[in-house]
Amino acid sequence: MAAAPPSYCFVAFPPRAKDGLVVFGKNSARPRDEVQEVVYFSAADHEQESKVECTYISVDQVPRTHAIMISRPAWLWGAEMGANEHGVCIANEAINTREPAAEIEALLGMDLVRLGLERGETAKEALDVIVSLLEEHGQGGNYYEDANSCHSFQSAYLIVDRDEAWVLETVGKYWAAEKVTEGVRCICNRLSLTTKMDAEHPELRSYAQSQGWWTGEGEFNFSEVFSPVEDHLDCGAGKDSLEKQEESITVQTMMSTLRDKASGVCIDSESFLTTASGVSVLPQNRSSPCIHYFTGTPDPSRSIFKPFIFVDDVKLVPKTQSPCFGDDDPARKEPRFQEKPDRRHELYKAHEWARAIIESDQEQGRKLRSTMLELEKQGLEAMEEILTSSEPLDPAEVGDLFYDCVDTEIKFFK
């Protein structure tokens with residue numbers, strides 16, 4: 001498999017983002033045939049001294065985990081992106097650094113996304129959760145469902161709430177983070193932190209010196225010290241696609257950016273595809289709910305972003321969940337990945353038909369795509385009404401919101 005292509009994650013803060021909203025977006029570039037599922041987990045209490053089984057290893061469970069909605073490759077435990085009931089959103093990027101990532105099985109970057117969402121009430125709390133687990137357990141193991149070779153990476157994270165974002169970049173158990181409260185920020189599959197670091201591992205600099213990567217003199221530039229010598233990856237065009245927007249950034253702007261193939265933000269290559277996308281709107285006014293949109297299907301330019309709002313009684317959506325193989329899952333047995341089961345969920349299967357039509361029949365494909373965008377627009381308009389309403393949100397009205405949108409989409413494809 002070729003090296004991973006740039007996979008993008010963005011956040012925009014007011015006043016660059018419109019109407020006092022923080023807007024977050026993520027494209028997940030993964031192997032073409034990988035299925036992502038969208039799954040809701042309710043808040044839960046856990047017994048003392050219990051463990052939680054992540055993708056490859058178990059870690060100590062906490063007394064209570066928050067409700068989360070995540071989009072994840074269907075074979076693993078963690079998440080590519082997601083949100084929790086407190087308005088925290090996290091996404092991660094696989095990165096290469098001077099230090100090769102460990103192939104030995106530990107926590108995946110995607111496990112740390114989910115652990116951060118389950119345990120953090122704010123972006124800063126989630127950051128603290130991730131770095132303490134990283135220091136305790138390390139990161140490592142195969143990022144892909146591939147028996148033939150191990151694809152291991154270091155991780156970068158964008159951790160966002162209604163007030164601030166943290167860009168966290170990691171090298172083994174070492175890390176640095178920068179706080180962001182204004183403008184637009186993008187992360188992709190290369191290091192981006194330079195000399196502004198608002199938090200860091202206490203031994204980060206001495207470790208860099210011990211490896212001969214920094215002399216200890218002059219300003220410490222994280223990317224210069226830890227980037228691979230042969231770093232040819234360019235995320236510039238993708239970054240510019242949102243940063244150079246002259247208008248205020250809205251949820252629609254973010255969706256359009258994630259659909260942009262010309263800039264490379266939306267990947268559609270021989271080996272890789274944007275297999276799922278997510279956008280979140282976090283109002284800085286706490287009386288308004290956060291709204292999270294997920295595709296649950298590949299290629300956002302041929303997918304519908306469907307809204308979800310956290311309330312106490314969320315209706316589960318089995319049609320975006322992949323089949324469960326339990327202990328017989330080839331991802332859970334060693335040696336791993338000896339078979340590849342069919343992980344397609346009902347929405348994915350229905351959407352395959354739509355993708356085929358759009359690719360093969362110009363006229364019918366155009367009509368189909370415009371009807372899909374119309375369905376999406378209706379959802380966006382309904383959410384706009386909720387955000388601008390002076391009335392409090394009625395939880396009964398939105399508990400089955402995502403369920404209904406998925407159901408409508410599947411019926412439309414049939």
# chains A, B, ... in the order shown; residues from 1 in each chain; ligands from 1
$ residues_around --residues "A:Thr250" --least-positions-apart "4" --cutoff "10 Å" --atoms "only C-alpha atoms" --output "list in words"
Ala12, Arg16, Ala17, Lys18, Asp19, Leu21, Val22, Val23, Phe24, Met254, Met255, Ser256 and Val281 of chain A
$ residues_around --residues "stretch 110-119 of chain A" --least-positions-apart "6" --cutoff "8 Å" --atoms "only C-alpha atoms" --output "MDAnalysis selection string"
chainID A and resid 54:55 62 64:68 70 77:84 88:92 125:127 129:130 133:134 157
$ residues_around --residues "A:Phe10" --least-positions-apart "4" --cutoff "9 Å" --atoms "only C-alpha atoms" --output "list of chain:residue names"
A:Val23, A:Phe24, A:Gly25, A:Lys26, A:Leu158, A:Val184, A:Arg185, A:Cys186, A:Ile187, A:Cys188, A:Lys239, A:Leu242, A:Met254
$ residues_around --residues "A:Val225" --least-positions-apart "3" --cutoff "7 Å" --atoms "only C-alpha atoms" --output "mmCIF file with all heavy atoms, in the first residue's frame"
data_model
loop_
_atom_site.group_PDB
_atom_site.id
_atom_site.type_symbol
_atom_site.label_atom_id
_atom_site.label_comp_id
_atom_site.auth_asym_id
_atom_site.auth_seq_id
_atom_site.Cartn_x
_atom_site.Cartn_y
_atom_site.Cartn_z
ATOM 1 N N TRP A 213 18.929 15.343 17.759
ATOM 2 C CA TRP A 213 18.066 16.083 16.827
ATOM 3 C C TRP A 213 18.007 17.569 17.154
ATOM 4 O O TRP A 213 17.489 18.366 16.383
ATOM 5 C CB TRP A 213 16.643 15.508 16.845
ATOM 6 C CG TRP A 213 16.582 14.075 16.379
ATOM 7 C CD1 TRP A 213 17.456 13.445 15.549
ATOM 8 C CD2 TRP A 213 15.596 13.097 16.732
ATOM 9 N NE1 TRP A 213 17.075 12.138 15.351
ATOM 10 C CE2 TRP A 213 15.930 11.889 16.070
ATOM 11 C CE3 TRP A 213 14.447 13.101 17.541
ATOM 12 C CZ2 TRP A 213 15.177 10.725 16.182
ATOM 13 C CZ3 TRP A 213 13.697 11.948 17.654
ATOM 14 C CH2 TRP A 213 14.057 10.772 16.990
ATOM 15 N N TRP A 214 18.492 17.925 18.336
ATOM 16 C CA TRP A 214 18.502 19.330 18.751
ATOM 17 C C TRP A 214 19.740 19.566 19.598
ATOM 18 O O TRP A 214 20.108 18.727 20.428
ATOM 19 C CB TRP A 214 17.233 19.643 19.553
ATOM 20 C CG TRP A 214 17.074 21.084 19.938
ATOM 21 C CD1 TRP A 214 17.140 22.160 19.099
ATOM 22 C CD2 TRP A 214 16.820 21.609 21.252
ATOM 23 N NE1 TRP A 214 16.951 23.337 19.799
ATOM 24 C CE2 TRP A 214 16.742 23.022 21.126
ATOM 25 C CE3 TRP A 214 16.657 21.040 22.513
ATOM 26 C CZ2 TRP A 214 16.508 23.867 22.211
ATOM 27 C CZ3 TRP A 214 16.418 21.882 23.600
ATOM 28 C CH2 TRP A 214 16.342 23.280 23.449
ATOM 29 N N ASN A 221 12.076 24.366 17.795
ATOM 30 C CA ASN A 221 11.000 24.315 16.801
ATOM 31 C C ASN A 221 10.577 22.851 16.646
ATOM 32 O O ASN A 221 11.310 22.032 16.089
ATOM 33 C CB ASN A 221 11.500 24.893 15.469
ATOM 34 C CG ASN A 221 10.418 24.933 14.409
ATOM 35 O OD1 ASN A 221 9.688 23.955 14.196
ATOM 36 N ND2 ASN A 221 10.307 26.056 13.715
ATOM 37 N N PHE A 222 9.395 22.531 17.150
ATOM 38 C CA PHE A 222 8.934 21.130 17.225
ATOM 39 C C PHE A 222 8.973 20.431 15.862
ATOM 40 O O PHE A 222 9.513 19.331 15.728
ATOM 41 C CB PHE A 222 7.518 21.105 17.813
ATOM 42 C CG PHE A 222 6.984 19.713 18.066
ATOM 43 C CD1 PHE A 222 7.322 19.019 19.220
ATOM 44 C CD2 PHE A 222 6.137 19.097 17.151
ATOM 45 C CE1 PHE A 222 6.831 17.738 19.455
ATOM 46 C CE2 PHE A 222 5.642 17.820 17.373
ATOM 47 C CZ PHE A 222 5.992 17.139 18.532
#
$ residues_around --residues "stretch 331-338 of chain A" --least-positions-apart "5" --cutoff "9 Å" --atoms "only C-alpha atoms" --output "list in words"
Thr55, Tyr56, Trp75, Leu76, Glu145, Asp146, Ala147, Asn148 and Gly326 of chain A
$ atom_distance --atom1 "atom CA of A:Gln154" --atom2 "atom CA of A:Gln139"
7.4 Å
$ residues_around --residues "A:Phe413" --least-positions-apart "5" --cutoff "8 Å" --atoms "only C-alpha atoms" --output "list in words"
Ala350, His351, Trp353 and Ala354 of chain A
$ write_last_selection --atoms "N, CA, C and O atoms" --output "PDB file, in the first residue's frame"
ATOM      1  N   ALA A 350     -26.728   0.504   0.574  1.00  0.00           N
ATOM      2  CA  ALA A 350     -27.661   1.313  -0.222  1.00  0.00           C
ATOM      3  C   ALA A 350     -26.905   2.412  -0.973  1.00  0.00           C
ATOM      4  O   ALA A 350     -27.190   2.701  -2.139  1.00  0.00           O
ATOM      5  N   HIS A 351     -25.896   2.972  -0.314  1.00  0.00           N
ATOM      6  CA  HIS A 351     -25.128   4.070  -0.901  1.00  0.00           C
ATOM      7  C   HIS A 351     -24.235   3.588  -2.044  1.00  0.00           C
ATOM      8  O   HIS A 351     -23.955   4.347  -2.979  1.00  0.00           O
ATOM      9  N   TRP A 353     -25.039   1.664  -4.395  1.00  0.00           N
ATOM     10  CA  TRP A 353     -25.862   1.790  -5.617  1.00  0.00           C
ATOM     11  C   TRP A 353     -25.795   3.227  -6.128  1.00  0.00           C
ATOM     12  O   TRP A 353     -25.590   3.472  -7.327  1.00  0.00           O
ATOM     13  N   ALA A 354     -25.944   4.195  -5.217  1.00  0.00           N
ATOM     14  CA  ALA A 354     -25.927   5.605  -5.614  1.00  0.00           C
ATOM     15  C   ALA A 354     -24.570   5.988  -6.209  1.00  0.00           C
ATOM     16  O   ALA A 354     -24.499   6.671  -7.237  1.00  0.00           O
TER      17      ALA A 354
END
$ residues_around --residues "A:Val406" --least-positions-apart "2" --cutoff "8 Å" --atoms "only C-alpha atoms" --output "list in words"
Lys306, Val317, Lys319, Thr320, Leu347, Phe402, Tyr403, Asp404, Thr408, Glu409 and Ile410 of chain A
$ write_last_selection --atoms "N, CA, C and O atoms" --output "short mmCIF file (atom, residue, chain, number, x, y, z; two decimals), in the first residue's frame"
data_model
loop_
_atom_site.label_atom_id
_atom_site.label_comp_id
_atom_site.auth_asym_id
_atom_site.auth_seq_id
_atom_site.Cartn_x
_atom_site.Cartn_y
_atom_site.Cartn_z
N LYS A 306 -25.68 14.09 7.67
CA LYS A 306 -26.92 13.92 8.43
C LYS A 306 -26.73 14.40 9.86
O LYS A 306 -25.73 14.05 10.50
N VAL A 317 -29.24 3.67 15.88
CA VAL A 317 -29.36 3.56 14.42
C VAL A 317 -28.59 2.33 13.94
O VAL A 317 -27.43 2.42 13.51
N LYS A 319 -28.76 0.79 11.31
CA LYS A 319 -28.48 0.79 9.86
C LYS A 319 -27.15 1.44 9.51
O LYS A 319 -26.71 1.37 8.37
N THR A 320 -26.49 2.10 10.49
CA THR A 320 -25.14 2.62 10.23
C THR A 320 -24.10 1.82 11.02
O THR A 320 -22.95 2.21 11.10
N LEU A 347 -26.75 1.17 5.42
CA LEU A 347 -26.62 2.45 4.71
C LEU A 347 -25.49 2.36 3.67
O LEU A 347 -25.64 2.84 2.55
N PHE A 402 -31.15 11.60 13.79
CA PHE A 402 -30.19 10.90 12.93
C PHE A 402 -30.82 9.63 12.36
O PHE A 402 -30.66 9.31 11.18
N TYR A 403 -31.58 8.93 13.20
CA TYR A 403 -32.29 7.71 12.76
C TYR A 403 -33.19 8.02 11.55
O TYR A 403 -33.15 7.32 10.53
N ASP A 404 -33.98 9.09 11.68
CA ASP A 404 -34.92 9.44 10.59
C ASP A 404 -34.19 9.83 9.31
O ASP A 404 -34.61 9.47 8.21
N THR A 408 -34.58 7.89 5.81
CA THR A 408 -35.02 8.60 4.59
C THR A 408 -34.02 8.38 3.47
O THR A 408 -34.40 8.14 2.31
N GLU A 409 -32.73 8.44 3.78
CA GLU A 409 -31.69 8.27 2.76
C GLU A 409 -31.76 6.86 2.15
O GLU A 409 -31.73 6.70 0.92
N ILE A 410 -31.90 5.85 2.99
CA ILE A 410 -31.96 4.47 2.48
C ILE A 410 -33.20 4.27 1.61
O ILE A 410 -33.12 3.69 0.53
#
$ select_by_dssp --residues "stretch 178-318 of chain A" --states "strand (DSSP E or B)" --output "JSON, numbers by chain"
{"A": [178, 179, 180, 184, 185, 186, 187, 188, 190, 199, 200, 249, 268, 272, 273, 274, 275, 276, 277, 278, 279, 280, 281, 282, 283, 291, 292, 293, 294, 306, 307, 308]}
$ closest_residue --among "A:His201, A:Arg72, A:Arg32, A:Arg190" --to "A:Ser7" --atoms "only C-alpha atoms"
A:Arg190
$ atom_distance --atom1 "atom CA of A:Val131" --atom2 "atom CA of A:Met197"
14.6 Å
$ closest_atom_pairs --of "stretch 291-385 of chain A" --to "stretch 42-49 of chain A" --cutoff "12 Å" --atoms "only C-alpha atoms" --output "JSON lines"
{"residue": "A:Phe310", "atom": "CA", "partner": "A:Ser42", "partner_atom": "CA", "distance": 9.6}
{"residue": "A:Val311", "atom": "CA", "partner": "A:Ser42", "partner_atom": "CA", "distance": 10.0}
{"residue": "A:Asp312", "atom": "CA", "partner": "A:Ser42", "partner_atom": "CA", "distance": 8.6}
{"residue": "A:Asp313", "atom": "CA", "partner": "A:Ser42", "partner_atom": "CA", "distance": 9.1}
{"residue": "A:Val314", "atom": "CA", "partner": "A:Ser42", "partner_atom": "CA", "distance": 8.4}
{"residue": "A:Lys315", "atom": "CA", "partner": "A:Ser42", "partner_atom": "CA", "distance": 10.5}
{"residue": "A:Leu316", "atom": "CA", "partner": "A:Ser42", "partner_atom": "CA", "distance": 9.8}
